[in-house]
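**Q** Sharing a structure, written as structure tokens. Questions coming.
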Amino acid sequence: MIRRPTPAHFDMVLLFGVIAFVIGAARIGAFFPPSAVLTAFEVAALIAIPYPLLRLVADFTTVHRGLLRIVELGLAVSVLTAIVFGSGIPPMVALALVLYFAAVSAYCAVRFIGAARRTQGVSRRRFEAISLGSVLLGGDLLAAGLAPFLPEPVRSIVSAAAQLAGLGSAVAFYLGFAPPLVVKRAWQSPELHAFLSRSARLTRLPTTDAIVRELEGAAAAATGASATIGLWDEDRGVLRFM
């Protein structure tokens, strides 16, 4: 990743960087008197989270360029609003920002769910984790934005649920974008065991091509990527792909 960064790597760093800033600013702000400037930047960063997430959707699938421009315009308006009003954003304006945030997060979740259905193995589980993180992220801010409009007993419950959703989204994004090795191996185990259970019948397949196709399918299922096996052609001195 460091030696050969891709746009997806940059967008991952951007997403986690913005999330880290929001969390860090909230923790640091607890030790100092309230600051309108810090609050404004914290709110602006929070509102900006869906944009790198949408860019990641574009990295892994496709996103219409017009939609990207619309979201960028919404991001600019939202950040400007957060800077101008700080923590004193009018309730209806705050609700509009929350709905914008939730709508973009929901779109990202739907696209990642679609990507998960088109893949298999580790890639499928990673997309599923990312889609869950997108849903929890949208639910987090939606609950936080609706809390001021709710009666006090319900407000406390919703606020607590929002915090849990925020924590869950961070964990889901971590598992989806940078899963630890032990998690990747656990995700690969079902496909690996399934292949081993079928390996005894490989010798009973009628042709070499059929055996190669079975091996390619098993490798693709275990890794979540396309797999192609080449056979060495001794007479021609080249690798022959099916």
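Residues in the structure tokens are numbered from 1 in each chain, the chains being A, B, ... in the order shown, and ligands are numbered from 1 in the order shown.
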For Leu56 in chain A, list every protein, DNA or RNA residue within 12 Å, evaluated using only C-alpha atoms, and leave out those in the same chain fewer than 6 positions away; present the list as a VMD selection string.
**A** chain A and resid 6 to 16 49 to 50 62 to 63 68 105 108 to 109 111 to 112 127 130 to 131 134 173 176 to 177
**Q** If you keep N, CA and C atoms, can you produce a file of those selected residues as a compact mmCIF listing (two decimals), in the first residue's frame?
**A**
# COMPACT_ATOMS: atom_id res chain seq x y z
N THR A 6 -2.78 3.28 -4.37
CA THR A 6 -3.80 3.42 -5.40
C THR A 6 -4.80 4.47 -4.94
N PRO A 7 -5.68 4.95 -5.83
CA PRO A 7 -6.73 5.88 -5.37
C PRO A 7 -7.55 5.34 -4.23
N ALA A 8 -7.81 4.01 -4.23
CA ALA A 8 -8.58 3.41 -3.14
C ALA A 8 -7.83 3.54 -1.82
N HIS A 9 -6.51 3.34 -1.84
CA HIS A 9 -5.72 3.50 -0.62
C HIS A 9 -5.79 4.93 -0.10
N PHE A 10 -5.70 5.89 -1.00
CA PHE A 10 -5.79 7.29 -0.60
C PHE A 10 -7.15 7.58 0.03
N ASP A 11 -8.20 7.08 -0.57
CA ASP A 11 -9.55 7.33 -0.04
C ASP A 11 -9.76 6.62 1.30
N MET A 12 -9.15 5.44 1.48
CA MET A 12 -9.23 4.77 2.78
C MET A 12 -8.56 5.61 3.86
N VAL A 13 -7.37 6.12 3.54
CA VAL A 13 -6.65 6.98 4.50
C VAL A 13 -7.47 8.22 4.81
N LEU A 14 -8.08 8.79 3.78
CA LEU A 14 -8.91 9.98 3.97
C LEU A 14 -10.09 9.69 4.88
N LEU A 15 -10.77 8.56 4.64
CA LEU A 15 -11.94 8.20 5.46
C LEU A 15 -11.54 8.00 6.92
N PHE A 16 -10.52 7.18 7.15
CA PHE A 16 -10.12 6.92 8.53
C PHE A 16 -9.49 8.15 9.17
N ILE A 49 -17.69 12.95 6.27
CA ILE A 49 -17.37 11.52 6.25
C ILE A 49 -17.98 10.78 5.06
N PRO A 50 -19.24 11.04 4.67
CA PRO A 50 -19.80 10.25 3.56
C PRO A 50 -19.08 10.46 2.23
N THR A 62 -18.78 1.52 -9.68
CA THR A 62 -18.90 2.70 -10.54
C THR A 62 -19.92 3.65 -9.94
N VAL A 63 -19.63 4.92 -10.04
CA VAL A 63 -20.54 5.97 -9.58
C VAL A 63 -20.63 7.01 -10.68
N LEU A 68 -21.38 12.31 -8.18
CA LEU A 68 -20.22 12.77 -7.42
C LEU A 68 -20.22 14.29 -7.30
N SER A 105 -24.88 7.92 2.91
CA SER A 105 -24.44 6.69 3.57
C SER A 105 -25.29 5.51 3.11
N CYS A 108 -24.28 4.43 -0.36
CA CYS A 108 -23.02 3.68 -0.32
C CYS A 108 -23.27 2.26 0.17
N ALA A 109 -24.12 2.12 1.17
CA ALA A 109 -24.42 0.79 1.70
C ALA A 109 -25.06 -0.09 0.62
N ARG A 111 -24.80 0.18 -2.63
CA ARG A 111 -23.83 -0.17 -3.67
C ARG A 111 -22.86 -1.25 -3.20
N PHE A 112 -22.43 -1.17 -1.96
CA PHE A 112 -21.52 -2.19 -1.45
C PHE A 112 -22.23 -3.53 -1.27
N PHE A 127 -16.93 -6.62 1.54
CA PHE A 127 -17.99 -5.71 1.09
C PHE A 127 -19.18 -5.73 2.04
N ILE A 130 -18.27 -3.56 4.98
CA ILE A 130 -18.29 -2.15 4.63
C ILE A 130 -19.72 -1.65 4.51
N SER A 131 -20.60 -2.46 3.92
CA SER A 131 -22.00 -2.04 3.80
C SER A 131 -22.64 -1.92 5.18
N SER A 134 -21.53 1.31 6.63
CA SER A 134 -22.23 2.45 6.03
C SER A 134 -23.61 2.62 6.64
N PHE A 173 -15.90 -0.88 9.36
CA PHE A 173 -15.02 -0.31 8.33
C PHE A 173 -13.61 -0.89 8.45
N GLY A 176 -13.65 -4.30 7.07
CA GLY A 176 -13.86 -4.31 5.63
C GLY A 176 -12.68 -3.80 4.84
N PHE A 177 -12.07 -2.71 5.29
CA PHE A 177 -11.01 -2.08 4.51
C PHE A 177 -9.62 -2.59 4.88
**Q** Pick out the residues sitting within 12 Å of Ala76 in chain A, and hand them over as a ChimeraX atom specification; count only C-alpha atoms, and ignore anything fewer than 3 positions along from it in its own chain.
**A** /A:44-45,47-48,51,69-73,79-83,97
**Q** Could you dump the residues just selected with N, CA, C and O atoms as a tab-separated table (two decimals), in the first residue's frame?
**A**
chain	number	residue	atom	x	y	z
A	44	ALA	N	-17.93	20.04	10.81
A	44	ALA	CA	-17.63	20.01	9.38
A	44	ALA	C	-17.00	18.68	8.98
A	44	ALA	O	-17.33	18.09	7.95
A	45	ALA	N	-16.07	18.19	9.83
A	45	ALA	CA	-15.42	16.91	9.53
A	45	ALA	C	-16.42	15.76	9.61
A	45	ALA	O	-16.39	14.83	8.79
A	47	ILE	N	-19.63	15.89	8.99
A	47	ILE	CA	-20.49	15.94	7.81
A	47	ILE	C	-19.74	15.47	6.56
A	47	ILE	O	-20.34	14.94	5.62
A	48	ALA	N	-18.42	15.60	6.57
A	48	ALA	CA	-17.63	15.25	5.39
A	48	ALA	C	-17.40	13.75	5.25
A	48	ALA	O	-16.95	13.29	4.20
A	51	TYR	N	-18.40	11.60	2.04
A	51	TYR	CA	-17.79	11.84	0.74
A	51	TYR	C	-16.64	10.88	0.44
A	51	TYR	O	-16.63	10.25	-0.64
A	69	ARG	N	-20.53	14.99	-8.40
A	69	ARG	CA	-20.54	16.45	-8.36
A	69	ARG	C	-21.64	16.96	-7.43
A	69	ARG	O	-21.45	17.95	-6.71
A	70	ILE	N	-22.81	16.30	-7.45
A	70	ILE	CA	-23.91	16.72	-6.58
A	70	ILE	C	-23.52	16.55	-5.11
A	70	ILE	O	-23.76	17.43	-4.27
A	71	VAL	N	-22.91	15.41	-4.78
A	71	VAL	CA	-22.49	15.16	-3.41
A	71	VAL	C	-21.39	16.14	-2.99
A	71	VAL	O	-21.36	16.62	-1.86
A	72	GLU	N	-20.49	16.46	-3.91
A	72	GLU	CA	-19.44	17.44	-3.61
A	72	GLU	C	-20.05	18.81	-3.33
A	72	GLU	O	-19.60	19.53	-2.42
A	73	LEU	N	-21.08	19.19	-4.11
A	73	LEU	CA	-21.76	20.46	-3.86
A	73	LEU	C	-22.45	20.43	-2.49
A	73	LEU	O	-22.36	21.39	-1.72
A	79	VAL	N	-20.40	21.89	4.86
A	79	VAL	CA	-19.22	22.34	5.61
A	79	VAL	C	-19.28	23.84	5.85
A	79	VAL	O	-18.98	24.32	6.96
A	80	LEU	N	-19.70	24.61	4.84
A	80	LEU	CA	-19.82	26.05	5.01
A	80	LEU	C	-20.86	26.38	6.08
A	80	LEU	O	-20.65	27.28	6.92
A	81	THR	N	-21.96	25.66	6.08
A	81	THR	CA	-22.99	25.86	7.10
A	81	THR	C	-22.45	25.57	8.49
A	81	THR	O	-22.71	26.31	9.45
A	82	ALA	N	-21.68	24.47	8.61
A	82	ALA	CA	-21.11	24.11	9.91
A	82	ALA	C	-20.13	25.16	10.41
A	82	ALA	O	-20.10	25.48	11.60
A	83	ILE	N	-19.33	25.73	9.50
A	83	ILE	CA	-18.36	26.74	9.89
A	83	ILE	C	-19.05	28.04	10.30
A	83	ILE	O	-18.66	28.69	11.27
A	97	LEU	N	-29.05	18.63	7.06
A	97	LEU	CA	-27.69	18.09	6.95
A	97	LEU	C	-27.66	16.62	7.33
A	97	LEU	O	-26.96	15.82	6.69
**Q** Near range 101-103 of chain A, counting only C-alpha atoms, which residues have an atom at most 8 Å away, once you skip same-chain residues fewer than 5 positions from it, shown as a list in words?
**A**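 Returned residues: Ile47, Pro50, Leu137, Gly138, Gly139, Leu141 and Leu142 of chain A.
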**Q** Can you pull out every residue within 8 Å of Tyr100 in chain A, counting only C-alpha atoms, but drop anything in the same chain fewer than 4 positions away, and send it as an mmCIF file with N, CA, C and O atoms, in the first residue's frame?
**A**
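Output file result_24.cif follows:
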data_model
loop_
_atom_site.group_PDB
_atom_site.id
_atom_site.type_symbol
_atom_site.label_atom_id
_atom_site.label_comp_id
_atom_site.auth_asym_id
_atom_site.auth_seq_id
_atom_site.Cartn_x
_atom_site.Cartn_y
_atom_site.Cartn_z
ATOM 1 N N GLY A 74 -23.128 19.316 -2.194
ATOM 2 C CA GLY A 74 -23.758 19.187 -0.884
ATOM 3 C C GLY A 74 -22.754 19.226 0.238
ATOM 4 O O GLY A 74 -23.010 19.808 1.308
ATOM 5 N N ALA A 96 -31.725 18.902 7.896
ATOM 6 C CA ALA A 96 -31.428 18.763 6.465
ATOM 7 C C ALA A 96 -30.029 18.180 6.254
ATOM 8 O O ALA A 96 -29.829 17.316 5.386
ATOM 9 N N VAL A 104 -26.559 9.768 1.647
ATOM 10 C CA VAL A 104 -25.309 9.362 0.993
ATOM 11 C C VAL A 104 -24.810 8.049 1.593
ATOM 12 O O VAL A 104 -24.365 7.145 0.862
#
**Q** Find, counting only C-alpha atoms, the residue in A:Gly145, A:Pro206, A:Pro52, A:Gly237 that gets nearest to Ile19 in chain A.
**A**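 Counting only C-alpha atoms, the residue closest to Ile19 in chain A is A:Pro52.
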**Q** Just how far from CA of Arg65 in chain A is CA of Gly166 in chain A, in Å to one decimal?
**A**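 We find that CA of Gly166 in chain A and CA of Arg65 in chain A lie 28.8 Å from each other.
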**Q** When DSSP is applied to the backbone of this structure, which of range 86-240 of chain A are assigned helix (DSSP H, G or I)? Write them out as a PyMOL selection string.
**A** chain A and resi 86-88+91-118+121-149+152-177+181-204+208-223
